[in-house]
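Below is input.txt, which holds compact mmCIF, C-alpha atoms.
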```txt
# COMPACT_ATOMS: atom_id res chain seq x y z
CA MET A 23 31.78 -86.77 -7.16
CA HIS A 24 33.38 -87.10 -10.56
CA THR A 25 30.24 -88.80 -11.88
CA ARG A 26 28.05 -85.85 -10.78
CA THR A 27 30.41 -83.44 -12.49
CA ARG A 28 30.26 -85.35 -15.75
CA VAL A 29 26.42 -85.42 -15.66
CA LEU A 30 25.91 -81.75 -14.81
CA ALA A 31 28.52 -80.28 -17.11
CA PRO A 32 26.54 -80.79 -20.35
CA ALA A 33 23.41 -79.31 -18.73
CA VAL A 34 25.29 -76.26 -17.49
CA PHE A 35 26.91 -75.89 -20.89
CA ALA A 36 23.53 -76.10 -22.66
CA PHE A 37 22.02 -73.56 -20.28
CA CYS A 38 24.89 -71.16 -20.87
CA CYS A 39 24.54 -71.60 -24.63
CA ALA A 40 20.81 -70.94 -24.47
CA LEU A 41 21.40 -67.87 -22.32
CA GLY A 42 24.00 -66.66 -24.76
CA LEU A 43 21.67 -67.16 -27.71
CA GLY A 44 18.92 -65.28 -25.87
CA LEU A 45 21.20 -62.36 -25.15
CA SER A 46 22.39 -62.36 -28.75
CA ALA A 47 18.83 -62.36 -30.09
CA SER A 48 17.88 -59.59 -27.67
CA ALA A 49 20.86 -57.51 -28.72
CA GLN A 50 19.89 -57.89 -32.37
CA ALA A 51 16.17 -57.17 -31.90
CA GLU A 52 14.83 -54.17 -33.80
CA PRO A 53 14.05 -51.13 -31.68
CA LEU A 54 10.33 -50.35 -31.41
CA TYR A 55 9.36 -46.70 -31.79
CA LYS A 56 5.97 -45.25 -30.87
CA VAL A 57 4.75 -43.16 -33.80
CA GLY A 58 2.17 -40.43 -33.16
CA ALA A 59 -0.45 -39.78 -35.86
CA THR A 60 -3.85 -38.09 -36.04
CA ALA A 61 -7.20 -39.68 -36.88
CA THR A 62 -8.46 -36.72 -38.93
CA GLY A 63 -5.83 -36.03 -41.60
CA ILE A 64 -7.08 -38.02 -44.62
CA PRO A 65 -5.27 -39.06 -46.77
CA PHE A 66 -2.10 -38.59 -44.71
CA THR A 67 -3.42 -40.11 -41.47
CA PHE A 68 -6.92 -41.22 -40.52
CA LEU A 69 -8.91 -43.78 -38.55
CA ASP A 70 -10.01 -46.68 -40.75
CA VAL A 71 -13.44 -47.59 -39.35
CA LYS A 72 -13.24 -51.18 -40.61
CA SER A 73 -9.93 -52.06 -38.98
CA GLN A 74 -10.17 -49.44 -36.19
CA SER A 75 -6.54 -48.56 -36.88
CA ILE A 76 -4.77 -45.43 -38.09
CA GLU A 77 -3.98 -45.62 -41.82
CA GLY A 78 -2.91 -43.25 -44.59
CA MET A 79 0.00 -42.09 -46.73
CA MET A 80 2.19 -41.03 -43.79
CA ILE A 81 1.41 -44.28 -41.97
CA ASP A 82 2.49 -46.32 -45.00
CA ALA A 83 5.57 -44.11 -45.27
CA ALA A 84 6.44 -44.56 -41.57
CA ARG A 85 6.13 -48.34 -41.82
CA ALA A 86 8.23 -48.44 -44.98
CA VAL A 87 10.87 -46.15 -43.44
CA GLY A 88 10.99 -48.36 -40.35
CA LYS A 89 11.45 -51.50 -42.40
CA ALA A 90 14.23 -49.90 -44.46
CA GLY A 91 15.77 -48.11 -41.47
CA GLY A 92 15.92 -51.13 -39.17
CA PHE A 93 13.21 -50.38 -36.61
CA ALA A 94 9.62 -51.39 -35.89
CA VAL A 95 6.77 -48.91 -35.44
CA ASP A 96 3.77 -48.81 -33.12
CA ILE A 97 1.19 -46.29 -34.36
CA GLN A 98 -0.35 -44.19 -31.57
CA GLN A 99 -3.50 -42.09 -32.16
CA THR A 100 -2.89 -38.50 -31.00
CA THR A 101 -4.69 -35.22 -31.64
CA PHE A 102 -2.77 -32.84 -33.89
CA ALA A 103 -2.25 -30.18 -31.21
CA ALA A 104 -0.87 -32.82 -28.81
CA LEU A 105 1.69 -34.32 -31.21
CA ILE A 106 4.68 -32.15 -30.30
CA PRO A 107 3.95 -32.15 -26.53
CA SER A 108 3.65 -35.96 -26.68
CA LEU A 109 6.99 -36.18 -28.46
CA THR A 110 8.88 -33.86 -26.12
CA SER A 111 7.44 -35.62 -23.05
CA ASN A 112 8.58 -39.03 -24.36
CA LYS A 113 5.07 -40.42 -24.81
CA ILE A 114 5.91 -41.04 -28.45
CA ASP A 115 9.23 -41.27 -30.32
CA ILE A 116 8.33 -40.09 -33.82
CA ILE A 117 5.61 -37.92 -35.37
CA SER A 118 4.24 -39.02 -38.73
CA ALA A 119 1.56 -36.54 -39.81
CA ALA A 120 0.90 -33.64 -42.15
CA MET A 121 2.92 -31.28 -39.95
CA LEU A 122 4.88 -28.87 -42.13
CA ARG A 123 8.42 -27.86 -41.22
CA THR A 124 8.65 -24.35 -39.73
CA PRO A 125 11.46 -22.41 -37.99
CA VAL A 126 9.34 -22.16 -34.83
CA ARG A 127 8.80 -25.93 -34.66
CA GLU A 128 12.46 -26.61 -35.43
CA LYS A 129 13.39 -24.85 -32.20
CA VAL A 130 11.63 -27.66 -30.33
CA VAL A 131 11.88 -30.76 -32.55
CA GLN A 132 14.00 -32.20 -35.35
CA TYR A 133 12.68 -32.81 -38.86
CA SER A 134 13.85 -35.64 -41.11
CA ASP A 135 14.62 -35.33 -44.79
CA PRO A 136 11.45 -34.39 -46.76
CA VAL A 137 8.85 -37.05 -47.52
CA PHE A 138 6.30 -34.84 -49.36
CA SER A 139 5.75 -31.12 -50.06
CA TYR A 140 2.59 -28.98 -50.43
CA GLY A 141 0.79 -25.79 -49.29
CA GLU A 142 -2.56 -24.70 -47.85
CA GLY A 143 -5.89 -24.85 -49.62
CA LEU A 144 -8.89 -22.51 -49.31
CA ILE A 145 -12.47 -23.72 -48.89
CA VAL A 146 -15.65 -21.63 -49.03
CA LYS A 147 -19.37 -22.44 -49.15
CA ALA A 148 -20.44 -24.17 -52.36
CA ASP A 149 -22.71 -21.26 -53.32
CA ASP A 150 -19.89 -18.73 -52.92
CA ALA A 151 -18.74 -18.23 -56.52
CA SER A 152 -16.04 -15.65 -55.78
CA ASP A 153 -12.60 -16.38 -57.25
CA TYR A 154 -10.39 -15.82 -54.19
CA ARG A 155 -6.70 -15.91 -55.08
CA ARG A 156 -5.01 -14.50 -51.97
CA MET A 157 -5.59 -14.39 -48.23
CA GLU A 158 -6.04 -10.62 -48.59
CA ASP A 159 -9.16 -11.21 -50.69
CA LEU A 160 -10.87 -12.29 -47.44
CA ALA A 161 -9.75 -9.32 -45.31
CA GLY A 162 -12.35 -8.31 -42.75
CA GLU A 163 -14.03 -11.74 -42.75
CA THR A 164 -14.24 -14.46 -40.10
CA VAL A 165 -12.06 -17.38 -41.18
CA GLY A 166 -10.91 -20.64 -39.61
CA ALA A 167 -8.09 -23.18 -39.55
CA GLN A 168 -7.02 -26.22 -37.55
CA VAL A 169 -5.45 -25.59 -34.15
CA GLY A 170 -1.70 -26.30 -34.08
CA THR A 171 -1.15 -25.80 -37.81
CA VAL A 172 1.10 -23.28 -39.53
CA PHE A 173 -1.98 -22.01 -41.35
CA ILE A 174 -3.72 -20.66 -38.25
CA ASP A 175 -0.41 -19.04 -37.24
CA GLU A 176 -0.22 -17.32 -40.62
CA LEU A 177 -3.83 -16.10 -40.42
CA ASN A 178 -3.27 -14.63 -36.95
CA LYS A 179 0.02 -13.04 -37.99
CA ARG A 180 -1.59 -11.18 -40.87
CA GLY A 181 -4.03 -9.34 -38.62
CA ILE A 182 -6.42 -8.56 -41.48
CA PHE A 183 -9.37 -10.75 -40.48
CA LYS A 184 -12.35 -9.93 -38.32
CA GLU A 185 -11.78 -13.17 -36.41
CA VAL A 186 -9.67 -16.30 -36.76
CA ARG A 187 -11.32 -19.39 -35.27
CA GLY A 188 -9.45 -22.56 -34.37
CA TYR A 189 -10.76 -26.10 -34.88
CA ASP A 190 -9.62 -29.47 -33.59
CA SER A 191 -10.12 -31.15 -36.97
CA ILE A 192 -10.80 -30.41 -40.63
CA PRO A 193 -14.30 -32.00 -40.46
CA ASP A 194 -15.13 -29.55 -37.64
CA LEU A 195 -13.85 -26.70 -39.83
CA MET A 196 -15.95 -27.86 -42.78
CA ARG A 197 -19.07 -28.19 -40.63
CA ASP A 198 -18.88 -24.61 -39.35
CA LEU A 199 -18.18 -23.35 -42.86
CA ALA A 200 -21.20 -25.22 -44.25
CA LEU A 201 -23.33 -23.70 -41.48
CA GLY A 202 -22.16 -20.20 -42.41
CA ARG A 203 -20.41 -19.56 -39.10
CA ILE A 204 -17.20 -18.64 -40.93
CA LYS A 205 -16.60 -17.18 -44.38
CA ALA A 206 -13.69 -19.43 -45.36
CA GLY A 207 -11.39 -22.13 -44.07
CA PHE A 208 -7.71 -22.84 -44.62
CA ALA A 209 -6.16 -26.31 -44.31
CA ASP A 210 -3.77 -28.79 -45.94
CA ARG A 211 -4.68 -28.74 -49.63
CA PRO A 212 -4.15 -32.48 -50.31
CA ILE A 213 -6.35 -33.36 -47.32
CA LEU A 214 -9.10 -31.00 -48.44
CA ALA A 215 -8.96 -32.24 -52.04
CA TYR A 216 -9.09 -35.88 -50.97
CA GLN A 217 -11.98 -35.43 -48.54
CA LEU A 218 -14.06 -33.39 -50.99
CA ALA A 219 -13.40 -35.94 -53.76
CA GLN A 220 -15.15 -38.60 -51.69
CA GLY A 221 -18.47 -36.84 -52.42
CA THR A 222 -19.66 -36.79 -48.82
CA GLN A 223 -19.45 -33.01 -48.46
CA ASN A 224 -21.32 -30.97 -51.08
CA LYS A 225 -21.87 -27.78 -49.10
CA VAL A 226 -18.31 -26.49 -49.41
CA ARG A 227 -15.86 -26.24 -52.30
CA LEU A 228 -12.11 -25.98 -52.79
CA VAL A 229 -11.10 -22.74 -54.50
CA LYS A 230 -8.99 -23.87 -57.45
CA GLY A 231 -7.48 -20.48 -58.27
CA TYR A 232 -6.19 -19.80 -54.76
CA GLN A 233 -2.40 -19.42 -54.52
CA PRO A 234 -0.95 -20.93 -51.32
CA VAL A 235 1.23 -18.80 -49.08
CA VAL A 236 2.65 -21.42 -46.72
CA MET A 237 4.52 -24.04 -48.72
CA GLY A 238 6.44 -26.65 -46.82
CA ASP A 239 7.81 -30.14 -46.41
CA VAL A 240 6.12 -33.04 -44.67
CA CYS A 241 8.73 -35.05 -42.78
CA LEU A 242 9.02 -37.50 -39.94
CA ILE A 243 9.78 -35.68 -36.70
CA VAL A 244 11.91 -36.76 -33.73
CA ARG A 245 12.98 -35.25 -30.43
CA LYS A 246 15.60 -32.54 -30.42
CA GLY A 247 19.02 -34.09 -29.90
CA ASP A 248 17.94 -37.66 -30.76
CA ALA A 249 20.64 -38.16 -33.36
CA GLN A 250 20.35 -41.95 -33.48
CA THR A 251 16.64 -42.04 -34.31
CA LEU A 252 17.05 -39.22 -36.83
CA ALA A 253 19.85 -41.12 -38.58
CA GLU A 254 17.76 -44.32 -38.72
CA VAL A 255 14.77 -42.40 -40.08
CA ASN A 256 16.80 -40.59 -42.75
CA ARG A 257 18.46 -43.86 -43.77
CA GLY A 258 15.01 -45.37 -44.25
CA ILE A 259 13.72 -42.37 -46.22
CA ALA A 260 16.71 -42.47 -48.55
CA ALA A 261 16.15 -46.18 -49.15
CA ILE A 262 12.43 -45.91 -49.99
CA LYS A 263 13.13 -42.98 -52.30
CA ALA A 264 15.87 -44.92 -54.08
CA ASP A 265 13.87 -48.11 -54.66
CA GLY A 266 10.62 -46.39 -55.68
CA THR A 267 8.63 -47.41 -52.60
CA LEU A 268 7.82 -43.80 -51.67
CA ASP A 269 6.64 -43.00 -55.20
CA ARG A 270 4.31 -46.00 -55.10
CA ILE A 271 2.89 -44.90 -51.74
CA ILE A 272 2.27 -41.36 -53.02
CA GLU A 273 0.60 -42.75 -56.16
CA HIS A 274 -1.57 -45.12 -54.10
CA TRP A 275 -2.96 -42.18 -52.12
CA LYS A 276 -3.37 -40.04 -55.27
CA LEU A 277 -1.17 -37.21 -54.02
CA ASN A 278 0.90 -36.60 -57.14
```
Using structure tokens, write down the structure from this file.
Amino acid sequence: MHTRTRVLAPAVFAFCCALGLGLSASAQAEPLYKVGATATGIPFTFLDVKSQSIEGMMIDAARAVGKAGGFAVDIQQTTFAALIPSLTSNKIDIISAAMLRTPVREKVVQYSDPVFSYGEGLIVKADDASDYRRMEDLAGETVGAQVGTVFIDELNKRGIFKEVRGYDSIPDLMRDLALGRIKAGFADRPILAYQLAQGTQNKVRLVKGYQPVVMGDVCLIVRKGDAQTLAEVNRGIAAIKADGTLDRIIEHWKLN
């Protein structure tokens, strides 16, 4: 009896130690957050056809924030209009996209500290030489913007246009503009500038003299009341701002 006890004791002890180490490792494991991003927001978020993964400035920023903030990220492709519903229904944990902060959105979700700031841009057909400077310069015309953006909200609120058409993506907006179905389109200026700079779209142009109305901050977005995730995200943002990582990301995507 005593012999059996002496043989089993080391095995039981080793098992307990292994179990303890497993629990310790599990307790120290980084949390994994699902991050929603769109496939049509170049250069902020887009589908890289070579890797078949979502890439872009806000993807690089989310990964860097996660590394600095102590959590891992799993990028989930989501349409722009579905980002907030996916967040509030717990399908994703964080939004990382060109979704400007607005009072209406802040009633539903929480925004992190700012990552980047910009306003809307105006595009018209390439053969339209008019120097539009304000939204009012297009009063009475049919215009378009991406569904779910603050820009389409602003266009509708003004009530000065013949019609405001909504599009699922900026490429869809550009296509209808090139075909003459709308007079002008409004969208995120950095995204428009980047896409037009690629030289693949020569039927529309970005109006350089246009003065944006809706200026705002691009942030990471979490569920309302999720104080822990917000704190981790803001800690990561502060860190990548302090060590220059964010500046390097912005420079890489030519947004400064």
Discussion item. Show me, as a list in words, the residues that have an atom within 12 Å of Lys56 of chain A when counting only C-alpha atoms, minus same-chain residues fewer than 2 positions from it.
Written reply: Pro53, Leu54, Gly58, Ala59, Ala84, Arg85, Gly88, Phe93, Ala94, Val95, Asp96, Ile97, Gln98, Gln99, Thr100, Leu105, Ser108, Leu109, Asn112, Lys113, Ile114, Asp115, Ile116, Ile117, Ser118, Ile243, Val244 and Thr251 of chain A
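Closest approach to Ala261 of chain A among A:Pro65, A:Lys89, A:Gly247, A:Lys72: A:Lys89, based on all atoms listed in the file.
Among A:Gly170, A:Gly202, A:Gly162, A:Gly92, the residue with the shortest atom-to-atom distance to Met121 of chain A, counting only C-alpha atoms, is A:Gly170.
Between atom CA of Asp210 of chain A and atom CA of Ala264 of chain A the separation is 26.7 Å.
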Practice prompt. Find the residues around Gln168 of chain A up to 9 Å (all atoms listed in the file counted), leave out those fewer than 6 positions away in its own chain, and share them as JSON, numbers by chain.
Written response: {"A": [102, 103, 174, 187, 188, 189, 190, 191, 192, 194, 195, 207, 208, 209]}
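Nearest to Arg123 of chain A of all the residues A:Thr171, A:Thr110, A:Thr101, A:Gln220 is A:Thr171, based on all atoms listed in the file.
Closest approach to Val172 of chain A among A:Ala104, A:Ile213, A:Leu228, A:Val126: A:Val126, based on only C-alpha atoms.
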Practice prompt. Would you kindly return, as number ranges by chain, each protein, DNA or RNA residue with an atom no farther than 9 Å from any atom of segment 133-141 of chain A, considering only C-alpha atoms and excluding same-chain residues fewer than 4 positions away?
Written response: A: 80, 83, 122-123, 127-128, 209-212, 233-246, 252-253, 255-256, 259-260, 263, 268, 272
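Residue nearest Met196 of chain A within the list A:Asp175, A:Leu277, A:Val146, A:Glu52: A:Val146 [criterion: smallest interatomic distance, all atoms listed in the file].
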Response to the item:
note - atom CA of Lys230 of chain A and atom CA of Val169 of chain A are separated by 23.6 Å
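Between atom CA of Val186 of chain A and atom CA of Gly166 of chain A there is a distance of 5.3 Å.
Restricting the calculation to all atoms listed in the file, the smallest distance between Ala119 of chain A and any of A:Ile262, A:Ile64, A:Leu201, A:Leu160 is found for A:Ile64.
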